[in-house]
Every structure is written in structure tokens, then in C-alpha cells.
>>> print(open('start-v1.txt').read())   # compact mmCIF, N, CA and C atoms
# COMPACT_ATOMS: atom_id res chain seq x y z
N MET A 1 48.62 76.43 78.00
CA MET A 1 47.83 75.92 79.09
C MET A 1 46.85 74.89 78.54
N LYS A 2 46.70 73.82 79.26
CA LYS A 2 45.81 72.73 78.84
C LYS A 2 44.37 73.08 79.20
N ASN A 3 43.46 72.82 78.25
CA ASN A 3 42.05 73.07 78.51
C ASN A 3 41.49 71.98 79.41
N ALA A 4 40.69 72.37 80.39
CA ALA A 4 40.06 71.41 81.29
C ALA A 4 38.98 70.64 80.54
N ASP A 5 38.88 69.37 80.83
CA ASP A 5 37.86 68.51 80.22
C ASP A 5 36.65 68.50 81.15
N PRO A 6 35.56 69.21 80.80
CA PRO A 6 34.41 69.27 81.70
C PRO A 6 33.80 67.90 82.00
N ALA A 7 33.78 67.03 81.00
CA ALA A 7 33.22 65.69 81.22
C ALA A 7 34.09 64.90 82.19
N GLY A 8 35.40 65.00 82.04
CA GLY A 8 36.32 64.31 82.94
C GLY A 8 36.24 64.86 84.35
N THR A 9 36.10 66.18 84.46
CA THR A 9 35.98 66.80 85.78
C THR A 9 34.69 66.35 86.46
N LEU A 10 33.59 66.33 85.72
CA LEU A 10 32.32 65.87 86.26
C LEU A 10 32.38 64.41 86.66
N ALA A 11 32.99 63.58 85.82
CA ALA A 11 33.11 62.15 86.13
C ALA A 11 33.92 61.95 87.40
N SER A 12 34.99 62.71 87.55
CA SER A 12 35.82 62.62 88.75
C SER A 12 35.04 63.05 89.99
N LEU A 13 34.28 64.10 89.87
CA LEU A 13 33.47 64.59 90.99
C LEU A 13 32.42 63.56 91.40
N ILE A 14 31.76 62.97 90.41
CA ILE A 14 30.75 61.94 90.69
C ILE A 14 31.40 60.72 91.35
N GLN A 15 32.55 60.31 90.85
CA GLN A 15 33.26 59.16 91.40
C GLN A 15 33.64 59.40 92.87
N LYS A 16 34.12 60.59 93.18
CA LYS A 16 34.48 60.92 94.57
C LYS A 16 33.25 60.93 95.46
N ALA A 17 32.13 61.44 94.97
CA ALA A 17 30.89 61.45 95.75
C ALA A 17 30.41 60.03 96.03
N ILE A 18 30.51 59.16 95.03
CA ILE A 18 30.11 57.75 95.21
C ILE A 18 31.01 57.07 96.23
N GLN A 19 32.31 57.31 96.15
CA GLN A 19 33.25 56.72 97.11
C GLN A 19 32.97 57.19 98.53
N LYS A 20 32.69 58.47 98.68
CA LYS A 20 32.39 59.01 100.01
C LYS A 20 31.11 58.39 100.56
N PHE A 21 30.09 58.28 99.74
CA PHE A 21 28.83 57.67 100.16
C PHE A 21 29.03 56.21 100.53
N SER A 22 29.75 55.47 99.68
CA SER A 22 29.99 54.04 99.94
C SER A 22 30.77 53.83 101.22
N ALA A 23 31.71 54.71 101.50
CA ALA A 23 32.52 54.58 102.72
C ALA A 23 31.70 54.80 103.97
N SER A 24 30.61 55.54 103.86
CA SER A 24 29.78 55.81 105.04
C SER A 24 28.66 54.79 105.21
N MET A 25 28.40 53.95 104.20
CA MET A 25 27.34 52.96 104.28
C MET A 25 27.85 51.71 105.00
N ARG A 26 27.07 51.22 105.93
CA ARG A 26 27.43 50.03 106.68
C ARG A 26 26.53 48.88 106.27
N VAL A 27 27.11 47.71 106.04
CA VAL A 27 26.36 46.51 105.69
C VAL A 27 26.62 45.43 106.74
N ALA A 28 27.88 45.09 106.94
CA ALA A 28 28.27 44.12 107.96
C ALA A 28 29.70 44.41 108.38
N MET A 29 30.04 44.07 109.63
CA MET A 29 31.36 44.39 110.12
C MET A 29 31.73 43.47 111.28
N PRO A 30 32.97 42.98 111.31
CA PRO A 30 33.40 42.25 112.49
C PRO A 30 33.64 43.24 113.63
N CYS A 31 33.23 42.84 114.81
CA CYS A 31 33.38 43.69 116.00
C CYS A 31 33.82 42.83 117.18
N GLU A 32 34.39 43.48 118.17
CA GLU A 32 34.80 42.80 119.39
C GLU A 32 33.81 43.13 120.50
N ILE A 33 33.44 42.11 121.27
CA ILE A 33 32.55 42.32 122.41
C ILE A 33 33.36 42.96 123.54
N LEU A 34 32.92 44.13 124.00
CA LEU A 34 33.54 44.77 125.16
C LEU A 34 32.82 44.38 126.44
N SER A 35 31.49 44.26 126.35
CA SER A 35 30.69 43.78 127.47
C SER A 35 29.38 43.22 126.92
N TYR A 36 28.78 42.31 127.67
CA TYR A 36 27.54 41.68 127.22
C TYR A 36 26.58 41.56 128.39
N ASN A 37 25.34 41.99 128.18
CA ASN A 37 24.29 41.90 129.18
C ASN A 37 23.40 40.72 128.80
N GLN A 38 23.57 39.61 129.49
CA GLN A 38 22.84 38.38 129.19
C GLN A 38 21.33 38.56 129.37
N SER A 39 20.92 39.35 130.38
CA SER A 39 19.49 39.46 130.68
C SER A 39 18.70 40.15 129.57
N ASN A 40 19.28 41.15 128.93
CA ASN A 40 18.53 41.80 127.84
C ASN A 40 19.16 41.56 126.47
N GLN A 41 20.18 40.69 126.43
CA GLN A 41 20.82 40.27 125.18
C GLN A 41 21.31 41.45 124.33
N THR A 42 22.01 42.37 124.99
CA THR A 42 22.63 43.49 124.29
C THR A 42 24.10 43.57 124.66
N ALA A 43 24.87 44.16 123.78
CA ALA A 43 26.31 44.25 124.00
C ALA A 43 26.83 45.64 123.69
N THR A 44 27.97 45.93 124.26
CA THR A 44 28.78 47.07 123.84
C THR A 44 29.90 46.47 123.01
N ILE A 45 30.05 46.99 121.80
CA ILE A 45 31.00 46.41 120.85
C ILE A 45 31.98 47.46 120.34
N LYS A 46 33.11 46.98 119.84
CA LYS A 46 34.10 47.85 119.21
C LYS A 46 34.30 47.38 117.78
N PRO A 47 33.99 48.23 116.79
CA PRO A 47 34.22 47.85 115.39
C PRO A 47 35.70 47.55 115.16
N LEU A 48 35.97 46.52 114.39
CA LEU A 48 37.35 46.12 114.10
C LEU A 48 37.83 46.59 112.74
N ILE A 49 37.01 47.38 112.06
CA ILE A 49 37.41 48.00 110.79
C ILE A 49 37.46 49.50 111.02
N ARG A 50 38.59 50.08 110.69
CA ARG A 50 38.77 51.51 110.92
C ARG A 50 37.96 52.34 109.94
N SER A 51 37.68 53.56 110.33
CA SER A 51 36.93 54.47 109.48
C SER A 51 37.80 54.93 108.31
N ILE A 52 37.19 55.66 107.40
CA ILE A 52 37.89 56.16 106.22
C ILE A 52 39.06 57.06 106.61
N THR A 53 38.99 57.69 107.78
CA THR A 53 40.06 58.56 108.25
C THR A 53 41.13 57.76 108.99
N ASP A 54 41.02 56.41 108.98
CA ASP A 54 41.99 55.51 109.60
C ASP A 54 42.07 55.73 111.11
N VAL A 55 40.94 56.02 111.70
CA VAL A 55 40.84 56.20 113.14
C VAL A 55 39.97 55.08 113.69
N ASP A 56 40.35 54.54 114.85
CA ASP A 56 39.51 53.52 115.47
C ASP A 56 38.13 54.09 115.75
N SER A 57 37.09 53.31 115.45
CA SER A 57 35.72 53.74 115.69
C SER A 57 35.42 53.68 117.18
N ALA A 58 34.54 54.54 117.62
CA ALA A 58 34.12 54.54 119.02
C ALA A 58 33.26 53.31 119.30
N PRO A 59 33.24 52.86 120.55
CA PRO A 59 32.37 51.72 120.89
C PRO A 59 30.90 52.04 120.61
N ILE A 60 30.15 51.00 120.32
CA ILE A 60 28.71 51.13 120.07
C ILE A 60 28.01 50.40 121.20
N GLU A 61 27.07 51.05 121.85
CA GLU A 61 26.38 50.48 123.01
C GLU A 61 25.00 49.96 122.65
N ASP A 62 24.51 49.05 123.48
CA ASP A 62 23.14 48.51 123.39
C ASP A 62 22.83 47.87 122.04
N VAL A 63 23.76 47.10 121.53
CA VAL A 63 23.56 46.41 120.26
C VAL A 63 22.86 45.08 120.55
N PRO A 64 21.66 44.86 119.99
CA PRO A 64 20.95 43.60 120.26
C PRO A 64 21.65 42.41 119.61
N ALA A 65 21.51 41.26 120.26
CA ALA A 65 22.08 40.02 119.74
C ALA A 65 20.95 39.06 119.43
N LEU A 66 21.00 38.45 118.25
CA LEU A 66 19.97 37.49 117.86
C LEU A 66 20.20 36.15 118.54
N GLY A 67 19.12 35.56 119.01
CA GLY A 67 19.17 34.19 119.49
C GLY A 67 18.76 33.27 118.35
N GLN A 68 18.59 32.01 118.65
CA GLN A 68 18.17 31.04 117.64
C GLN A 68 17.00 30.22 118.17
N ARG A 69 16.03 29.97 117.31
CA ARG A 69 14.94 29.06 117.64
C ARG A 69 15.23 27.77 116.88
N LEU A 70 15.49 26.70 117.65
CA LEU A 70 15.92 25.44 117.06
C LEU A 70 14.95 24.32 117.39
N MET A 71 14.94 23.31 116.54
CA MET A 71 14.19 22.10 116.80
C MET A 71 15.21 21.07 117.31
N ILE A 72 15.08 20.67 118.57
CA ILE A 72 16.00 19.71 119.19
C ILE A 72 15.19 18.53 119.69
N ASN A 73 15.47 17.36 119.12
CA ASN A 73 14.75 16.13 119.48
C ASN A 73 13.23 16.31 119.39
N GLY A 74 12.80 17.03 118.34
CA GLY A 74 11.37 17.21 118.11
C GLY A 74 10.73 18.32 118.92
N TYR A 75 11.50 19.04 119.73
CA TYR A 75 10.96 20.13 120.54
C TYR A 75 11.58 21.46 120.11
N GLU A 76 10.70 22.44 119.96
CA GLU A 76 11.18 23.78 119.61
C GLU A 76 11.81 24.39 120.86
N THR A 77 13.02 24.89 120.69
CA THR A 77 13.76 25.45 121.81
C THR A 77 14.37 26.79 121.40
N TYR A 78 14.22 27.79 122.26
CA TYR A 78 14.88 29.07 122.02
C TYR A 78 16.24 29.04 122.70
N CYS A 79 17.27 29.36 121.95
CA CYS A 79 18.64 29.37 122.47
C CYS A 79 19.15 30.81 122.49
N PRO A 80 19.22 31.42 123.66
CA PRO A 80 19.74 32.78 123.73
C PRO A 80 21.25 32.79 123.49
N PRO A 81 21.77 33.86 122.93
CA PRO A 81 23.19 33.92 122.68
C PRO A 81 23.99 34.13 123.97
N VAL A 82 25.21 33.65 123.96
CA VAL A 82 26.13 33.85 125.07
C VAL A 82 27.42 34.40 124.48
N TYR A 83 27.83 35.57 124.94
CA TYR A 83 29.07 36.18 124.46
C TYR A 83 29.92 36.56 125.66
N HIS A 84 31.23 36.64 125.40
CA HIS A 84 32.18 37.00 126.43
C HIS A 84 33.06 38.14 125.92
N ARG A 85 33.57 38.92 126.84
CA ARG A 85 34.49 40.00 126.48
C ARG A 85 35.61 39.42 125.61
N GLY A 86 35.88 40.09 124.50
CA GLY A 86 36.93 39.64 123.59
C GLY A 86 36.43 38.79 122.43
N ASP A 87 35.20 38.27 122.51
CA ASP A 87 34.66 37.52 121.38
C ASP A 87 34.59 38.41 120.15
N VAL A 88 34.88 37.85 118.98
CA VAL A 88 34.74 38.58 117.72
C VAL A 88 33.44 38.10 117.08
N VAL A 89 32.56 39.05 116.81
CA VAL A 89 31.23 38.75 116.29
C VAL A 89 31.01 39.46 114.96
N LEU A 90 30.01 39.00 114.21
CA LEU A 90 29.61 39.68 112.99
C LEU A 90 28.35 40.49 113.29
N VAL A 91 28.41 41.76 112.94
CA VAL A 91 27.28 42.66 113.13
C VAL A 91 26.79 43.09 111.76
N VAL A 92 25.48 42.95 111.52
CA VAL A 92 24.89 43.45 110.29
C VAL A 92 24.11 44.72 110.61
N PHE A 93 24.00 45.58 109.62
CA PHE A 93 23.33 46.87 109.80
C PHE A 93 22.10 46.89 108.90
N THR A 94 20.95 47.15 109.51
CA THR A 94 19.68 47.05 108.79
C THR A 94 19.51 48.18 107.77
N ASP A 95 18.66 47.92 106.79
CA ASP A 95 18.41 48.90 105.74
C ASP A 95 17.81 50.19 106.28
N ARG A 96 17.00 50.08 107.29
CA ARG A 96 16.34 51.25 107.91
C ARG A 96 16.49 51.18 109.42
N GLU A 97 16.11 52.26 110.07
CA GLU A 97 16.14 52.34 111.53
C GLU A 97 15.43 51.12 112.09
N CYS A 98 16.02 50.45 113.10
CA CYS A 98 15.47 49.17 113.54
C CYS A 98 14.99 49.14 114.98
N LYS A 99 15.08 50.22 115.72
CA LYS A 99 14.69 50.18 117.14
C LYS A 99 13.22 49.81 117.31
N GLY A 100 12.33 50.35 116.50
CA GLY A 100 10.91 49.99 116.59
C GLY A 100 10.63 48.57 116.16
N ILE A 101 11.44 48.06 115.26
CA ILE A 101 11.27 46.70 114.77
C ILE A 101 11.40 45.70 115.91
N LEU A 102 12.27 45.99 116.86
CA LEU A 102 12.48 45.09 117.99
C LEU A 102 11.22 44.97 118.85
N GLN A 103 10.31 45.94 118.73
CA GLN A 103 9.02 45.88 119.43
C GLN A 103 7.88 45.50 118.49
N GLY A 104 8.21 45.04 117.29
CA GLY A 104 7.20 44.59 116.34
C GLY A 104 6.60 45.70 115.49
N GLN A 105 7.21 46.88 115.49
CA GLN A 105 6.70 47.99 114.70
C GLN A 105 7.42 48.05 113.35
N SER A 106 6.72 48.51 112.34
CA SER A 106 7.32 48.64 111.01
C SER A 106 8.25 49.84 110.97
N SER A 107 9.19 49.77 110.05
CA SER A 107 10.08 50.90 109.78
C SER A 107 10.02 51.15 108.29
N GLY A 108 9.80 52.36 107.91
CA GLY A 108 9.64 52.64 106.48
C GLY A 108 10.39 53.87 106.04
N PRO A 109 10.03 54.39 104.89
CA PRO A 109 10.76 55.51 104.31
C PRO A 109 10.63 56.82 105.09
N GLN A 110 9.73 56.85 106.09
CA GLN A 110 9.63 58.06 106.90
C GLN A 110 10.88 58.24 107.77
N TYR A 111 11.66 57.17 107.92
CA TYR A 111 12.91 57.26 108.66
C TYR A 111 14.04 57.44 107.67
N SER A 112 14.81 58.48 107.83
CA SER A 112 15.85 58.78 106.84
C SER A 112 17.12 57.95 107.07
N ARG A 113 17.26 57.36 108.24
CA ARG A 113 18.48 56.62 108.55
C ARG A 113 18.52 55.31 107.76
N GLN A 114 19.64 55.09 107.04
CA GLN A 114 19.82 53.87 106.26
C GLN A 114 21.21 53.32 106.50
N HIS A 115 21.31 52.02 106.74
CA HIS A 115 22.60 51.34 106.94
C HIS A 115 23.47 52.07 107.96
N SER A 116 22.84 52.54 109.01
CA SER A 116 23.55 53.30 110.03
C SER A 116 24.26 52.38 111.02
N ILE A 117 25.37 52.84 111.52
CA ILE A 117 26.11 52.09 112.54
C ILE A 117 25.28 51.97 113.82
N MET A 118 24.25 52.82 113.94
CA MET A 118 23.36 52.77 115.12
C MET A 118 22.31 51.66 115.01
N ASP A 119 22.22 51.01 113.87
CA ASP A 119 21.21 49.97 113.65
C ASP A 119 21.84 48.60 113.41
N GLY A 120 22.83 48.30 114.23
CA GLY A 120 23.50 47.01 114.12
C GLY A 120 22.81 45.94 114.93
N VAL A 121 22.95 44.70 114.49
CA VAL A 121 22.43 43.53 115.18
C VAL A 121 23.52 42.45 115.12
N ILE A 122 23.85 41.88 116.27
CA ILE A 122 24.86 40.81 116.31
C ILE A 122 24.20 39.53 115.83
N VAL A 123 24.80 38.90 114.82
CA VAL A 123 24.21 37.68 114.26
C VAL A 123 24.98 36.41 114.59
N GLY A 124 26.20 36.55 115.08
CA GLY A 124 26.94 35.35 115.44
C GLY A 124 28.37 35.65 115.83
N VAL A 125 29.03 34.62 116.31
CA VAL A 125 30.42 34.73 116.78
C VAL A 125 31.33 33.97 115.81
N PHE A 126 32.52 34.50 115.61
CA PHE A 126 33.54 33.81 114.81
C PHE A 126 34.26 32.81 115.70
N GLY A 127 34.34 31.57 115.22
CA GLY A 127 35.12 30.53 115.88
C GLY A 127 34.74 30.29 117.27
>>> encode(input="start-v1.txt", output="C-alpha cells")
Amino acid sequence: MKNADPAGTLASLIQKAIQKFSASMRVAMPCEILSYNQSNQTATIKPLIRSITDVDSAPIEDVPALGQRLMINGYETYCPPVYHRGDVVLVVFTDRECKGILQGQSSGPQYSRQHSIMDGVIVGVFG
């Protein structure tokens, strides 16, 4: 019988834990717009990358969309985003819980949520 290598077993266990953690961390993801509310600039989106279990992710509701503040002909202009059903957008996921941030409140280490799919922000549309 072959003797088990404790160092190899530990390394394998650590590697699996890192892979599991990395698979659950969200940074950015292409998503499809299912519906868009122009008045409050939020969307319901469908992630276009499957989960680690190879299952389609559930839709995410009330995802805020960033507008742009531009200088046009010397005048500062706010340009709200416009999205349509079927648009493919890029969604980034904030380092910490972001709902309070949208009202100008800080978010810090007292919030345990990090890179959560619940803290996505639409930053733009592809093509």
C-alpha cells in the first residue's frame, strides 16, 4: 500500500478551496438586458456566463446603470443610459455592498458581502 503524502494532500485541499472561492467571486460579467426602467435607470439582467455547476444563472433585478457626464461644445451634459431588451452589457461587481453608496453613504468592512452578484452595476453596452 502506498503511503499518503500529507503535504500533497494539504496542497490539493488548499488548491480546491482556492478554486471554489475564485469561482464564487464576481468581478465583471457580460449580461443580457431582459427589461430596462428608463425613469430610475435600473435593469433586470440575465448573466451570460454559467455558474460552476453549468446551470444558467437566475435573472438579477434592479441593477443600476451608470450614465455619463460629458463636455459637449463646452457645456457639461449628463447623458442617461438607454438600453433595450436583448442588449448585451458589461456588469461590474463592487468590492463591497453598494446599495448605500448609491445614496452617497460609505461602505466598509462592517459589510461582509464582497464581489457579490447582488452588487452589480451596468457600465456599458457591447456594440
>>> residues_around(input="start-v1.txt", residues="Val89 (chain A)", least_positions_apart="5", cutoff="8 Å", atoms="only N, CA and C atoms", output="VMD selection string")
chain A and resid 29 to 33 122 to 127
>>> closest_residue(input="start-v1.txt", among="A:Thr77, A:Leu70, A:Ala65, A:Pro47", to="Arg26 (chain A)", atoms="only C-alpha atoms")
A:Pro47
>>> atom_distance(input="start-v1.txt", atom1="atom C of Gln41 (chain A)", atom2="CA of Asp62 (chain A)")
7.4 Å
>>> residues_around(input="start-v1.txt", residues="Ser35 (chain A)", least_positions_apart="6", cutoff="9 Å", atoms="only C-alpha atoms", output="ChimeraX atom specification")
/A:42-45,83-86
>>> closest_residue(input="start-v1.txt", among="A:Gly120, A:Pro6, A:Pro64, A:Pro80", to="Val92 (chain A)", atoms="only N, CA and C atoms")
A:Gly120
>>> residues_around(input="start-v1.txt", residues="Arg113 (chain A)", least_positions_apart="4", cutoff="6 Å", atoms="only N, CA and C atoms", output="compact mmCIF listing (two decimals) with N, CA and C atoms, in the frame of the given file")
# COMPACT_ATOMS: atom_id res chain seq x y z
N ASP A 95 18.66 47.92 106.79
CA ASP A 95 18.41 48.90 105.74
C ASP A 95 17.81 50.19 106.28
N ARG A 96 17.00 50.08 107.29
CA ARG A 96 16.34 51.25 107.91
C ARG A 96 16.49 51.18 109.42
N GLU A 97 16.11 52.26 110.07
CA GLU A 97 16.14 52.34 111.53
C GLU A 97 15.43 51.12 112.09
>>> atom_distance(input="start-v1.txt", atom1="atom N of Ser116 (chain A)", atom2="atom C of Ile18 (chain A)")
15.8 Å
>>> closest_residue(input="start-v1.txt", among="A:Ala28, A:Gln114, A:Lys46, A:Val63", to="Val91 (chain A)", atoms="all atoms listed in the file")
A:Ala28
>>> atom_distance(input="start-v1.txt", atom1="CA of Gln38 (chain A)", atom2="CA of Val88 (chain A)")
16.5 Å
